[in-house]
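Visitor: Just one file: query-v4.cif, with mmCIF, C-alpha atoms and all ligand atoms.
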data_target
#
loop_
_atom_site.label_atom_id
_atom_site.label_comp_id
_atom_site.auth_asym_id
_atom_site.auth_seq_id
_atom_site.Cartn_x
_atom_site.Cartn_y
_atom_site.Cartn_z
CA MET A 25 -17.34 -17.67 -113.66
CA ASP A 26 -19.07 -14.48 -112.70
CA ARG A 27 -21.56 -13.46 -115.39
CA LEU A 28 -20.02 -9.99 -115.37
CA PHE A 29 -16.83 -11.44 -116.85
CA THR A 30 -18.31 -13.94 -119.25
CA GLN A 31 -21.06 -11.81 -120.75
CA ARG A 32 -20.41 -8.10 -120.99
CA VAL A 33 -23.31 -7.26 -123.31
CA SER A 34 -26.86 -8.23 -122.31
CA SER A 35 -28.25 -11.17 -124.24
CA ARG A 36 -31.14 -9.02 -125.45
CA ILE A 37 -28.72 -6.65 -127.18
CA ALA A 38 -26.13 -9.27 -128.18
CA GLY A 39 -28.88 -11.07 -130.15
CA LEU A 40 -30.07 -7.92 -131.87
CA ALA A 41 -29.57 -7.71 -135.64
CA GLU A 42 -27.63 -4.77 -137.02
CA ALA A 43 -29.32 -2.73 -139.73
CA GLN A 44 -28.26 -4.36 -143.02
CA THR A 45 -29.03 -1.26 -145.08
CA LEU A 46 -26.49 0.72 -143.04
CA GLY A 47 -23.84 -1.99 -143.51
CA MET A 48 -24.28 -1.87 -147.29
CA ALA A 49 -24.08 1.93 -147.30
CA GLN A 50 -20.75 1.73 -145.45
CA ARG A 51 -19.37 -0.68 -148.06
CA VAL A 52 -20.36 1.74 -150.82
CA ARG A 53 -18.58 4.59 -148.99
CA ASP A 54 -15.47 2.41 -148.58
CA LEU A 55 -15.40 1.47 -152.28
CA ARG A 56 -15.91 5.07 -153.35
CA SER A 57 -13.12 6.25 -151.06
CA GLN A 58 -10.87 3.79 -152.94
CA GLY A 59 -11.83 5.62 -156.15
CA LYS A 60 -14.28 2.97 -157.43
CA ARG A 61 -17.44 4.04 -159.24
CA VAL A 62 -20.50 2.56 -157.56
CA VAL A 63 -24.12 3.19 -158.51
CA SER A 64 -26.04 3.09 -155.28
CA LEU A 65 -29.74 2.26 -155.39
CA LEU A 66 -29.78 1.65 -151.64
CA LEU A 67 -31.21 4.77 -150.16
CA GLY A 68 -34.31 4.97 -148.03
CA GLU A 69 -34.40 8.76 -148.09
CA PRO A 70 -35.57 11.16 -150.79
CA ASP A 71 -32.95 12.89 -152.94
CA PHE A 72 -34.88 16.16 -152.74
CA PRO A 73 -34.15 19.24 -150.69
CA VAL A 74 -36.19 20.04 -147.61
CA PRO A 75 -39.10 22.17 -148.90
CA GLU A 76 -38.46 25.91 -148.69
CA PRO A 77 -41.11 26.86 -146.07
CA ILE A 78 -39.73 24.21 -143.73
CA GLN A 79 -36.17 25.48 -144.15
CA GLU A 80 -37.29 29.07 -143.59
CA ALA A 81 -39.23 28.24 -140.43
CA ALA A 82 -36.21 26.42 -139.00
CA ILE A 83 -33.89 29.33 -139.75
CA GLN A 84 -36.34 31.76 -138.22
CA ALA A 85 -36.68 29.65 -135.07
CA ILE A 86 -32.90 29.51 -134.70
CA ARG A 87 -32.61 33.27 -135.23
CA GLU A 88 -35.28 33.87 -132.60
CA GLY A 89 -33.18 31.84 -130.20
CA VAL A 90 -35.77 29.11 -129.70
CA ALA A 91 -33.96 26.59 -127.51
CA PRO A 92 -35.88 25.34 -124.46
CA TYR A 93 -36.69 21.73 -123.71
CA PRO A 94 -39.86 21.06 -125.68
CA PRO A 95 -42.86 19.50 -123.95
CA VAL A 96 -42.44 15.70 -124.00
CA PRO A 97 -45.45 15.01 -126.29
CA GLY A 98 -44.46 17.81 -128.67
CA LEU A 99 -45.37 21.45 -129.32
CA ALA A 100 -49.10 22.10 -129.12
CA PRO A 101 -49.33 23.73 -132.59
CA LEU A 102 -47.58 20.72 -134.18
CA ARG A 103 -49.86 18.22 -132.42
CA GLU A 104 -52.77 20.34 -133.65
CA ALA A 105 -51.40 20.48 -137.21
CA ILE A 106 -51.03 16.68 -137.26
CA ALA A 107 -54.57 16.17 -135.92
CA ASN A 108 -55.77 18.57 -138.58
CA TYR A 109 -53.77 16.78 -141.29
CA TYR A 110 -55.46 13.45 -140.49
CA ALA A 111 -58.86 15.19 -140.38
CA CYS A 112 -58.37 16.84 -143.79
CA GLN A 113 -56.53 14.01 -145.54
CA TYR A 114 -58.55 11.06 -144.22
CA GLY A 115 -61.66 12.56 -142.66
CA VAL A 116 -60.89 11.07 -139.24
CA PRO A 117 -61.45 12.97 -136.00
CA VAL A 118 -58.14 13.16 -134.12
CA SER A 119 -57.63 15.23 -130.98
CA PRO A 120 -54.18 16.83 -130.48
CA HIS A 121 -54.04 14.94 -127.15
CA GLN A 122 -53.83 11.70 -129.11
CA VAL A 123 -50.67 12.83 -130.91
CA VAL A 124 -47.18 12.19 -129.49
CA ILE A 125 -44.21 13.63 -131.37
CA SER A 126 -40.97 11.61 -131.34
CA ASN A 127 -37.41 11.64 -132.63
CA GLY A 128 -38.39 9.87 -135.84
CA SER A 129 -41.20 7.44 -136.45
CA LYS A 130 -38.89 4.60 -135.47
CA GLN A 131 -39.10 5.89 -131.92
CA ALA A 132 -42.87 6.26 -132.26
CA ILE A 133 -43.12 2.55 -133.20
CA TYR A 134 -40.90 1.58 -130.26
CA ASN A 135 -42.95 3.77 -127.88
CA ALA A 136 -46.09 2.06 -129.16
CA LEU A 137 -44.67 -1.45 -128.65
CA LEU A 138 -43.38 -0.65 -125.15
CA SER A 139 -46.78 0.78 -124.28
CA ILE A 140 -48.83 -2.30 -125.18
CA LEU A 141 -46.64 -5.43 -124.89
CA GLU A 142 -46.14 -7.79 -121.97
CA PRO A 143 -43.15 -10.16 -122.23
CA GLY A 144 -43.97 -13.00 -124.63
CA ASP A 145 -46.91 -11.26 -126.30
CA GLU A 146 -47.16 -12.19 -129.97
CA VAL A 147 -46.92 -9.55 -132.67
CA ILE A 148 -48.02 -10.54 -136.15
CA ILE A 149 -45.73 -9.17 -138.86
CA PRO A 150 -46.36 -9.88 -142.55
CA VAL A 151 -43.25 -10.85 -144.54
CA PRO A 152 -41.52 -9.00 -146.14
CA TYR A 153 -41.32 -6.38 -143.40
CA TRP A 154 -39.44 -3.18 -142.73
CA VAL A 155 -36.07 -4.12 -141.21
CA SER A 156 -36.61 -2.61 -137.75
CA TYR A 157 -39.93 -4.22 -136.78
CA LEU A 158 -38.35 -7.45 -135.55
CA PRO A 159 -35.58 -5.89 -133.46
CA LEU A 160 -38.05 -3.38 -131.96
CA VAL A 161 -40.49 -6.15 -131.00
CA HIS A 162 -37.60 -8.12 -129.46
CA LEU A 163 -36.43 -5.08 -127.49
CA ALA A 164 -39.97 -4.64 -126.19
CA GLN A 165 -39.85 -8.35 -125.16
CA GLY A 166 -42.58 -9.34 -127.58
CA ARG A 167 -42.51 -12.40 -129.84
CA PRO A 168 -42.65 -11.69 -133.58
CA VAL A 169 -44.95 -14.05 -135.48
CA LEU A 170 -44.00 -13.91 -139.14
CA VAL A 171 -46.69 -14.43 -141.74
CA PRO A 172 -45.56 -15.25 -145.28
CA THR A 173 -47.42 -13.40 -148.04
CA ASN A 174 -47.51 -14.02 -151.80
CA GLN A 175 -45.95 -12.22 -154.71
CA GLN A 176 -49.15 -12.82 -156.75
CA ASN A 177 -50.99 -10.20 -154.72
CA GLN A 178 -47.92 -8.06 -154.19
CA TYR A 179 -47.29 -9.30 -150.66
CA ARG A 180 -50.53 -8.00 -149.18
CA LEU A 181 -51.61 -9.80 -146.04
CA THR A 182 -54.88 -11.56 -146.82
CA PRO A 183 -57.69 -12.12 -144.31
CA ASP A 184 -57.14 -15.90 -144.48
CA GLN A 185 -53.44 -15.58 -143.74
CA LEU A 186 -54.17 -13.24 -140.84
CA ALA A 187 -56.85 -15.50 -139.36
CA ARG A 188 -54.53 -18.50 -139.46
CA TYR A 189 -51.88 -16.82 -137.31
CA ILE A 190 -54.05 -15.26 -134.60
CA THR A 191 -53.80 -16.95 -131.17
CA PRO A 192 -54.98 -15.96 -127.68
CA ARG A 193 -51.43 -14.55 -127.14
CA THR A 194 -51.60 -12.23 -130.16
CA ARG A 195 -51.35 -8.68 -128.92
CA ALA A 196 -50.64 -6.68 -132.06
CA LEU A 197 -50.51 -6.68 -135.83
CA ILE A 198 -48.07 -4.42 -137.67
CA LEU A 199 -49.20 -3.14 -141.06
CA ASN A 200 -47.17 -0.90 -143.36
CA SER A 201 -48.80 0.79 -146.33
CA PRO A 202 -47.31 1.96 -148.64
CA SER A 203 -44.68 -0.59 -147.80
CA ASN A 204 -40.94 -0.61 -147.46
CA PRO A 205 -39.59 -2.76 -149.16
CA THR A 206 -42.40 -3.62 -151.62
CA GLY A 207 -44.12 -0.31 -152.38
CA THR A 208 -47.40 -2.17 -152.04
CA THR A 209 -50.30 0.00 -150.95
CA TYR A 210 -53.44 -1.41 -149.33
CA SER A 211 -56.74 -0.27 -150.82
CA ARG A 212 -59.81 0.40 -148.72
CA GLU A 213 -61.12 -3.03 -149.76
CA ASP A 214 -57.86 -4.74 -148.74
CA TYR A 215 -58.06 -3.14 -145.29
CA ALA A 216 -61.80 -3.76 -144.98
CA ALA A 217 -61.18 -7.49 -145.48
CA LEU A 218 -58.65 -7.48 -142.62
CA VAL A 219 -61.03 -5.46 -140.45
CA GLU A 220 -63.60 -8.25 -140.91
CA VAL A 221 -61.17 -10.65 -139.23
CA LEU A 222 -59.91 -8.25 -136.56
CA ARG A 223 -63.46 -7.35 -135.50
CA ASP A 224 -63.76 -10.76 -133.82
CA HIS A 225 -60.48 -10.40 -131.91
CA PRO A 226 -60.77 -7.40 -129.61
CA HIS A 227 -57.45 -8.28 -127.88
CA ILE A 228 -55.41 -7.24 -130.93
CA TRP A 229 -53.90 -3.80 -131.46
CA ILE A 230 -53.15 -2.59 -134.96
CA ILE A 231 -49.94 -0.64 -135.43
CA ALA A 232 -50.28 1.05 -138.82
CA ASP A 233 -47.01 2.44 -140.16
CA GLU A 234 -48.16 5.13 -142.59
CA ILE A 235 -44.83 6.90 -143.11
CA TYR A 236 -45.11 6.78 -146.92
CA ASP A 237 -48.75 7.91 -147.00
CA LEU A 238 -48.04 10.97 -149.13
CA LEU A 239 -45.94 9.06 -151.64
CA VAL A 240 -48.63 7.24 -153.59
CA TYR A 241 -48.77 7.34 -157.38
CA GLU A 242 -52.17 5.82 -158.09
CA GLY A 243 -55.00 7.45 -156.19
CA LYS A 244 -54.54 8.20 -152.53
CA ALA A 245 -53.44 6.27 -149.44
CA VAL A 246 -56.00 4.94 -146.97
CA SER A 247 -55.37 5.41 -143.25
CA PHE A 248 -56.23 2.55 -140.91
CA LEU A 249 -57.86 5.18 -138.68
CA GLU A 250 -60.61 5.43 -141.29
CA PHE A 251 -62.08 2.22 -139.84
CA ALA A 252 -64.03 3.74 -136.97
CA GLU A 253 -64.90 0.46 -135.27
CA LEU A 254 -61.19 -0.35 -134.74
CA ARG A 255 -60.05 3.20 -133.98
CA GLU A 256 -59.82 2.58 -130.22
CA ARG A 257 -57.14 -0.07 -130.84
CA THR A 258 -55.31 1.46 -133.77
CA ILE A 259 -51.96 3.17 -133.33
CA VAL A 260 -50.81 5.09 -136.37
CA CYS A 261 -47.11 5.88 -136.77
CA ASN A 262 -45.98 8.47 -139.27
CA GLY A 263 -43.25 11.07 -139.70
CA PHE A 264 -41.42 13.67 -141.71
CA SER A 265 -38.49 11.62 -143.08
CA LYS A 266 -40.01 10.65 -146.41
CA ALA A 267 -42.49 13.03 -148.08
CA PHE A 268 -41.03 16.07 -146.30
CA ALA A 269 -37.49 14.93 -147.09
CA MET A 270 -36.15 15.66 -143.61
CA PRO A 271 -34.87 12.28 -142.32
CA GLY A 272 -31.88 13.79 -140.52
CA TRP A 273 -34.11 16.19 -138.60
CA ARG A 274 -35.49 13.14 -136.76
CA LEU A 275 -39.17 13.81 -136.43
CA GLY A 276 -42.06 11.37 -136.30
CA TYR A 277 -45.23 10.81 -134.33
CA LEU A 278 -47.88 8.38 -133.23
CA ILE A 279 -51.62 8.82 -133.00
CA ALA A 280 -53.39 6.61 -130.47
CA SER A 281 -56.24 6.56 -127.99
CA PRO A 282 -55.50 8.90 -125.04
CA ASP A 283 -54.48 6.07 -122.65
CA ILE A 284 -51.84 4.77 -125.07
CA ALA A 285 -50.72 8.30 -125.94
CA GLN A 286 -50.19 8.89 -122.19
CA ALA A 287 -48.20 5.65 -121.91
CA ALA A 288 -46.02 6.66 -124.88
CA ILE A 289 -45.44 10.08 -123.28
CA LYS A 290 -44.32 8.33 -120.09
CA VAL A 291 -41.86 6.11 -122.01
CA GLN A 292 -40.48 9.01 -123.96
CA GLY A 293 -40.31 11.29 -120.92
CA GLN A 294 -37.92 8.83 -119.25
CA THR A 295 -35.81 8.07 -122.32
CA THR A 296 -35.28 10.90 -124.81
CA ALA A 297 -37.88 13.50 -123.69
CA GLY A 298 -39.29 15.81 -126.39
CA ALA A 299 -38.07 15.87 -129.98
CA ASN A 300 -35.83 18.62 -131.37
CA ILE A 301 -37.69 21.90 -131.01
CA ILE A 302 -36.31 23.50 -134.19
CA ALA A 303 -37.42 20.51 -136.25
CA GLN A 304 -40.86 20.76 -134.65
CA LYS A 305 -41.17 24.46 -135.47
CA ALA A 306 -40.16 23.68 -139.04
CA ALA A 307 -42.59 20.79 -139.39
CA ILE A 308 -45.49 23.06 -138.41
CA ALA A 309 -44.64 25.19 -141.45
CA GLY A 310 -44.63 22.07 -143.63
CA LEU A 311 -48.00 20.80 -142.47
CA THR A 312 -49.68 24.20 -142.63
CA SER A 313 -48.46 24.86 -146.20
CA ASP A 314 -50.34 23.68 -149.25
CA ILE A 315 -48.98 20.13 -149.02
CA GLU A 316 -50.07 19.10 -152.51
CA THR A 317 -48.15 22.00 -154.10
CA LEU A 318 -45.17 21.40 -151.85
CA LEU A 319 -44.87 17.74 -152.79
CA ALA A 320 -45.90 17.84 -156.44
CA PRO A 321 -42.36 17.95 -157.93
CA MET A 322 -41.12 15.06 -155.81
CA ARG A 323 -44.15 12.93 -156.49
CA LYS A 324 -43.93 13.59 -160.22
CA ALA A 325 -40.25 12.61 -160.30
CA PHE A 326 -40.85 9.44 -158.29
CA ARG A 327 -43.74 8.42 -160.54
CA GLU A 328 -41.62 8.94 -163.68
CA ARG A 329 -38.72 6.97 -162.27
CA ARG A 330 -41.02 4.17 -161.17
CA ASP A 331 -42.52 3.95 -164.65
CA VAL A 332 -39.10 3.94 -166.36
CA ILE A 333 -37.83 1.17 -164.08
CA TYR A 334 -40.95 -0.91 -164.41
CA GLN A 335 -40.93 -0.64 -168.19
CA TYR A 336 -37.27 -1.64 -168.31
CA LEU A 337 -37.57 -4.57 -165.93
CA ALA A 338 -40.76 -5.89 -167.51
CA THR A 339 -39.06 -5.84 -170.92
CA HIS A 340 -35.57 -7.05 -170.02
CA HIS A 341 -35.95 -8.96 -166.75
CA PRO A 342 -39.26 -10.76 -166.43
CA GLU A 343 -37.33 -13.41 -164.47
CA LEU A 344 -37.07 -10.87 -161.60
CA HIS A 345 -40.89 -10.84 -161.42
CA PRO A 346 -41.26 -7.06 -161.42
CA TYR A 347 -44.61 -5.46 -160.62
CA LYS A 348 -45.56 -1.82 -160.54
CA PRO A 349 -45.55 -0.58 -156.92
CA GLU A 350 -48.25 1.98 -156.10
CA GLY A 351 -46.28 3.87 -153.48
CA ALA A 352 -43.03 4.57 -151.56
CA PHE A 353 -39.85 4.47 -153.70
CA TYR A 354 -38.75 0.85 -153.94
CA PHE A 355 -38.90 -2.20 -156.19
CA PHE A 356 -38.67 -5.59 -154.50
CA LEU A 357 -37.36 -8.12 -157.00
CA SER A 358 -37.02 -11.87 -156.92
CA VAL A 359 -33.52 -13.17 -157.69
CA GLU A 360 -34.60 -16.77 -157.25
CA ALA A 361 -33.91 -17.48 -160.93
CA TYR A 362 -30.23 -16.79 -160.25
CA LEU A 363 -29.79 -18.74 -157.02
CA GLY A 364 -27.67 -21.81 -157.60
CA ARG A 365 -25.81 -20.13 -160.49
CA LYS A 366 -22.07 -19.64 -160.23
CA THR A 367 -19.18 -18.08 -162.10
CA ALA A 368 -15.54 -19.04 -162.48
CA HIS A 369 -14.84 -16.84 -159.43
CA HIS A 370 -17.92 -17.52 -157.33
CA ALA A 371 -19.40 -20.51 -155.57
CA PRO A 372 -23.09 -21.08 -156.41
CA PHE A 373 -25.19 -18.18 -155.11
CA GLN A 374 -27.15 -19.30 -152.06
CA THR A 375 -29.08 -16.17 -151.17
CA ALA A 376 -29.71 -12.58 -152.19
CA ASP A 377 -26.74 -11.62 -149.99
CA ASP A 378 -24.44 -13.49 -152.41
CA MET A 379 -26.22 -11.76 -155.30
CA ALA A 380 -25.80 -8.36 -153.66
CA ASP A 381 -22.07 -9.03 -153.17
CA TYR A 382 -21.78 -10.08 -156.81
CA LEU A 383 -23.65 -6.98 -158.05
CA LEU A 384 -21.49 -4.77 -155.88
CA GLU A 385 -18.42 -6.22 -157.60
CA HIS A 386 -20.05 -5.02 -160.82
CA GLY A 387 -20.47 -1.53 -159.34
CA LEU A 388 -24.15 -1.72 -158.37
CA ALA A 389 -25.36 -1.51 -154.77
CA LEU A 390 -28.77 -2.96 -153.91
CA VAL A 391 -30.08 -4.14 -150.54
CA PRO A 392 -30.47 -7.92 -150.18
CA GLY A 393 -33.92 -8.96 -148.98
CA THR A 394 -32.59 -10.94 -146.01
CA GLY A 395 -33.13 -8.08 -143.56
CA PHE A 396 -36.70 -7.77 -144.85
CA GLY A 397 -37.31 -11.47 -144.20
CA MET A 398 -36.88 -12.65 -147.81
CA PRO A 399 -33.38 -13.89 -148.71
CA THR A 400 -34.63 -14.64 -152.23
CA HIS A 401 -35.20 -10.98 -153.06
CA ILE A 402 -33.40 -7.73 -153.52
CA ARG A 403 -34.57 -4.12 -152.97
CA LEU A 404 -33.95 -1.36 -155.48
CA SER A 405 -34.58 2.22 -154.34
CA TYR A 406 -35.42 4.93 -156.85
CA ALA A 407 -34.69 7.83 -154.52
CA VAL A 408 -31.82 8.82 -156.82
CA ALA A 409 -31.58 10.77 -160.10
CA LEU A 410 -32.91 9.11 -163.25
CA SER A 411 -29.41 9.13 -164.81
CA GLU A 412 -28.12 7.02 -161.88
CA ILE A 413 -31.10 4.71 -162.17
CA GLU A 414 -30.41 4.18 -165.87
CA ALA A 415 -26.75 3.50 -165.17
CA GLY A 416 -27.81 1.06 -162.43
CA LEU A 417 -30.24 -0.81 -164.67
CA SER A 418 -27.63 -1.21 -167.33
CA LEU A 419 -25.13 -2.58 -164.76
CA LEU A 420 -27.82 -4.94 -163.52
CA THR A 421 -28.38 -6.32 -167.01
CA SER A 422 -24.69 -6.80 -167.77
CA ALA A 423 -24.07 -8.46 -164.40
CA LEU A 424 -27.04 -10.81 -164.84
CA HIS A 425 -26.13 -11.62 -168.44
CA ALA A 426 -22.69 -12.68 -167.23
CA LEU A 427 -24.52 -15.33 -165.21
CA ALA A 428 -26.69 -16.60 -168.04
N1 LIG B 1 -41.14 2.87 -141.18
C1 LIG B 1 -40.73 2.57 -142.42
C2 LIG B 1 -41.56 1.63 -143.22
C3 LIG B 1 -39.56 3.12 -142.94
O1 LIG B 1 -39.17 2.81 -144.18
C4 LIG B 1 -38.79 3.99 -142.12
C5 LIG B 1 -37.52 4.55 -142.62
O2 LIG B 1 -36.86 4.02 -143.47
C6 LIG B 1 -39.26 4.27 -140.84
C7 LIG B 1 -40.43 3.70 -140.40
C8 LIG B 1 -38.50 5.15 -139.89
O3 LIG B 1 -38.43 6.46 -140.25
P1 LIG B 1 -37.96 7.62 -139.30
O4 LIG B 1 -37.52 7.04 -138.00
O5 LIG B 1 -36.87 8.30 -140.05
O6 LIG B 1 -39.16 8.51 -139.12
#
Starting from the coordinates I provided, produce the structure as structure tokens.
Guide:
Amino acid sequence: MDRLFTQRVSSRIAGLAEAQTLGMAQRVRDLRSQGKRVVSLLLGEPDFPVPEPIQEAAIQAIREGVAPYPPVPGLAPLREAIANYYACQYGVPVSPHQVVISNGSKQAIYNALLSILEPGDEVIIPVPYWVSYLPLVHLAQGRPVLVPTNQQNQYRLTPDQLARYITPRTRALILNSPSNPTGTTYSREDYAALVEVLRDHPHIWIIADEIYDLLVYEGKAVSFLEFAELRERTIVCNGFSKAFAMPGWRLGYLIASPDIAQAAIKVQGQTTAGANIIAQKAAIAGLTSDIETLLAPMRKAFRERRDVIYQYLATHHPELHPYKPEGAFYFFLSVEAYLGRKTAHHAPFQTADDMADYLLEHGLALVPGTGFGMPTHIRLSYAVALSEIEAGLSLLTSALHALA
């Protein structure tokens, strides 16, 4: 029969995974609308208001009637502010022409992949990974090459692991530090060891997702752009959804060598064009404020919550193998000890998805690790008030004890 009738959706899209985090969030909304109390430790967005100077700048821009199409690569003062941010924060020379502003960093990552991949090119992705890397690589017709990492070193990709997976078809490596879902943050030494390997493979691009760079609780993040010898083939993606607490304003960016920046501008010019101009005006105010002062309350709260959770888990749930994440706002916990268990009402748990369903029945929503490439794990977000976290931990304990 005509393909038009048998297959209405393209195979590329039909095979695309749906975002698991969004599915879980919908189930929580459904349960709450039925009047059920659910503690949700799902969220990937800060529970803090948009900082005041950012709000004010947006309001002012609206009042001034700012409304034209923005330039595709972004407003010049914002590109300048981002270049300046990387210069001040990491000591790396970035020209505003290397910066391309997008509708969220997710788009920046997609622009980057579309700009460098030929069909079938391999992209090395350490596991666990942020949920969208795989679908984005597929959409860009690349081939994800998944590299398992170890809990012992908090899921950091090691130079040996990297070297083992490089082939002549490898085109890119995606790194994410601090990481979603693990919170793991690469030190300068960790990165330097990877640079040693990458030095000998000039055909590999490094896509460094640095979206949580300002949410680090021990020391300071390292940017991959700090490694001058690889700068020509490094594409940094970052954005305003996390530290600046403005995920719904949809604003992110990439920094790349001018040829790749031009390619990304071409892609974006033919798809979405420039990002929301009000959000861009507002972000300029954020980046030109005293960032440390602006973010201090959020960082302090996240650090406190992290410490409370770690203390609790280390004391009550060593079987979940908790470790103290250095950044972002997640714990990634092993539920392996509970796989194979069952209750009078449940068949033996096969994966973290079964565990997540079970915990949801107990009123606690966590994201199963399946979408992050590890169906033996579960992600707990601490982007919620401490009182909710405490309620969640207590539900976790009672639900797990019922399985003992
Ligand atoms: N990268 C990572 C690691 C993330 O966790 C997220 C959001 O959850 C993004 C990228 C995308 O952020 P946005 O598109 O909101 O800038």
Visitor: With all atoms listed in the file as the atoms that count, which of A:Glu360, A:Asp237, A:Glu69, A:Asp377 lies nearest to ligand LIG 1 (chain B)?
Guide: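 Answer, going by the shortest atom-to-atom distance: A:Glu69.
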Visitor: Hey, could you pull the box centre and edge lengths for ligand LIG 1 (chain B), axis-aligned, 8 Å padding per side, all listed atoms, to one decimal in Å, as AutoDock Vina command-line options?
Guide:
--center_x -39.2 --center_y 5.1 --center_z -141.1 --size_x 20.7 --size_y 22.9 --size_z 22.2
Visitor: At a cut-off of 12 Å from (-49.1, -8.7, -153.8) in the coordinates of the file, what residues are picked up using all atoms listed in the file, written as a PyMOL selection string?
Guide: chain A and resi 150-152+172-182+202-203+206-211+214+345-350+356
Visitor: Distance limit 7 Å, reference ligand LIG 1 (chain B), atoms considered: only C-alpha atoms and all ligand atoms. Which residues make the cut? Give them as a PyMOL selection string.
Guide: chain A and resi 68+128-131+154+200+203-204+233+235+262-265+271+274-276
Visitor: Go ahead and write the residues just picked, C-alpha atoms, as a PDB file, in the frame of the given file.
Guide:
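That gives us again_26.pdb:
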ATOM      1  CA  GLY A  68     -34.310   4.970-148.030  1.00  0.00           C
ATOM      2  CA  GLY A 128     -38.390   9.870-135.840  1.00  0.00           C
ATOM      3  CA  SER A 129     -41.200   7.440-136.450  1.00  0.00           C
ATOM      4  CA  LYS A 130     -38.890   4.600-135.470  1.00  0.00           C
ATOM      5  CA  GLN A 131     -39.100   5.890-131.920  1.00  0.00           C
ATOM      6  CA  TRP A 154     -39.440  -3.180-142.730  1.00  0.00           C
ATOM      7  CA  ASN A 200     -47.170  -0.900-143.360  1.00  0.00           C
ATOM      8  CA  SER A 203     -44.680  -0.590-147.800  1.00  0.00           C
ATOM      9  CA  ASN A 204     -40.940  -0.610-147.460  1.00  0.00           C
ATOM     10  CA  ASP A 233     -47.010   2.440-140.160  1.00  0.00           C
ATOM     11  CA  ILE A 235     -44.830   6.900-143.110  1.00  0.00           C
ATOM     12  CA  ASN A 262     -45.980   8.470-139.270  1.00  0.00           C
ATOM     13  CA  GLY A 263     -43.250  11.070-139.700  1.00  0.00           C
ATOM     14  CA  PHE A 264     -41.420  13.670-141.710  1.00  0.00           C
ATOM     15  CA  SER A 265     -38.490  11.620-143.080  1.00  0.00           C
ATOM     16  CA  PRO A 271     -34.870  12.280-142.320  1.00  0.00           C
ATOM     17  CA  ARG A 274     -35.490  13.140-136.760  1.00  0.00           C
ATOM     18  CA  LEU A 275     -39.170  13.810-136.430  1.00  0.00           C
ATOM     19  CA  GLY A 276     -42.060  11.370-136.300  1.00  0.00           C
TER      20      GLY A 276
END
Visitor: Between A:Asp331, A:Asp283, A:Asp378, A:Glu234, which has the minimum distance to Arg365 of chain A (counting all atoms listed in the file)?
Guide: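 Using all atoms listed in the file, Arg365 of chain A sits closest to A:Asp378.
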Visitor: Every residue with an atom at most 7 Å from (-31.5, -7.8, -130.6) (file coordinates; all atoms listed in the file) is what I'm after, so could you write them as a PyMOL selection string?
Guide: chain A and resi 36-41+159+162-163
Visitor: Using atom CA of Gln304 of chain A and atom CA of Phe268 of chain A as the two end points, give the distance in Å to one decimal.
Guide: 12.6 Å
Visitor: Extract segment 70-80 of chain A from the coordinates I pasted, and write it as a PDB file, in the first residue's frame (atoms kept: N, CA and C atoms).
Guide:
ATOM      1  N   PRO A  70      14.463  25.469  39.316  1.00  0.00           N
ATOM      2  CA  PRO A  70      14.575  25.995  40.674  1.00  0.00           C
ATOM      3  C   PRO A  70      13.231  26.495  41.201  1.00  0.00           C
ATOM      4  N   ASP A  71      13.029  26.348  42.501  1.00  0.00           N
ATOM      5  CA  ASP A  71      11.805  26.836  43.141  1.00  0.00           C
ATOM      6  C   ASP A  71      12.038  28.240  43.685  1.00  0.00           C
ATOM      7  N   PHE A  72      12.780  29.050  42.962  1.00  0.00           N
ATOM      8  CA  PHE A  72      13.063  30.414  43.403  1.00  0.00           C
ATOM      9  C   PHE A  72      12.495  31.390  42.387  1.00  0.00           C
ATOM     10  N   PRO A  73      12.165  32.600  42.854  1.00  0.00           N
ATOM     11  CA  PRO A  73      11.645  33.567  41.886  1.00  0.00           C
ATOM     12  C   PRO A  73      12.757  34.060  40.966  1.00  0.00           C
ATOM     13  N   VAL A  74      12.365  34.551  39.817  1.00  0.00           N
ATOM     14  CA  VAL A  74      13.322  35.192  38.912  1.00  0.00           C
ATOM     15  C   VAL A  74      13.919  36.392  39.665  1.00  0.00           C
ATOM     16  N   PRO A  75      15.256  36.522  39.684  1.00  0.00           N
ATOM     17  CA  PRO A  75      15.846  37.636  40.431  1.00  0.00           C
ATOM     18  C   PRO A  75      15.283  38.994  39.988  1.00  0.00           C
ATOM     19  N   GLU A  76      15.140  39.846  40.996  1.00  0.00           N
ATOM     20  CA  GLU A  76      14.498  41.165  40.832  1.00  0.00           C
ATOM     21  C   GLU A  76      15.008  41.976  39.619  1.00  0.00           C
ATOM     22  N   PRO A  77      16.321  42.164  39.453  1.00  0.00           N
ATOM     23  CA  PRO A  77      16.767  42.999  38.326  1.00  0.00           C
ATOM     24  C   PRO A  77      16.331  42.445  36.969  1.00  0.00           C
ATOM     25  N   ILE A  78      16.198  41.126  36.902  1.00  0.00           N
ATOM     26  CA  ILE A  78      15.779  40.502  35.637  1.00  0.00           C
ATOM     27  C   ILE A  78      14.301  40.812  35.396  1.00  0.00           C
ATOM     28  N   GLN A  79      13.504  40.654  36.456  1.00  0.00           N
ATOM     29  CA  GLN A  79      12.078  40.982  36.344  1.00  0.00           C
ATOM     30  C   GLN A  79      11.889  42.427  35.915  1.00  0.00           C
ATOM     31  N   GLU A  80      12.624  43.336  36.593  1.00  0.00           N
ATOM     32  CA  GLU A  80      12.463  44.765  36.326  1.00  0.00           C
ATOM     33  C   GLU A  80      12.820  45.102  34.879  1.00  0.00           C
TER      34      GLU A  80
END
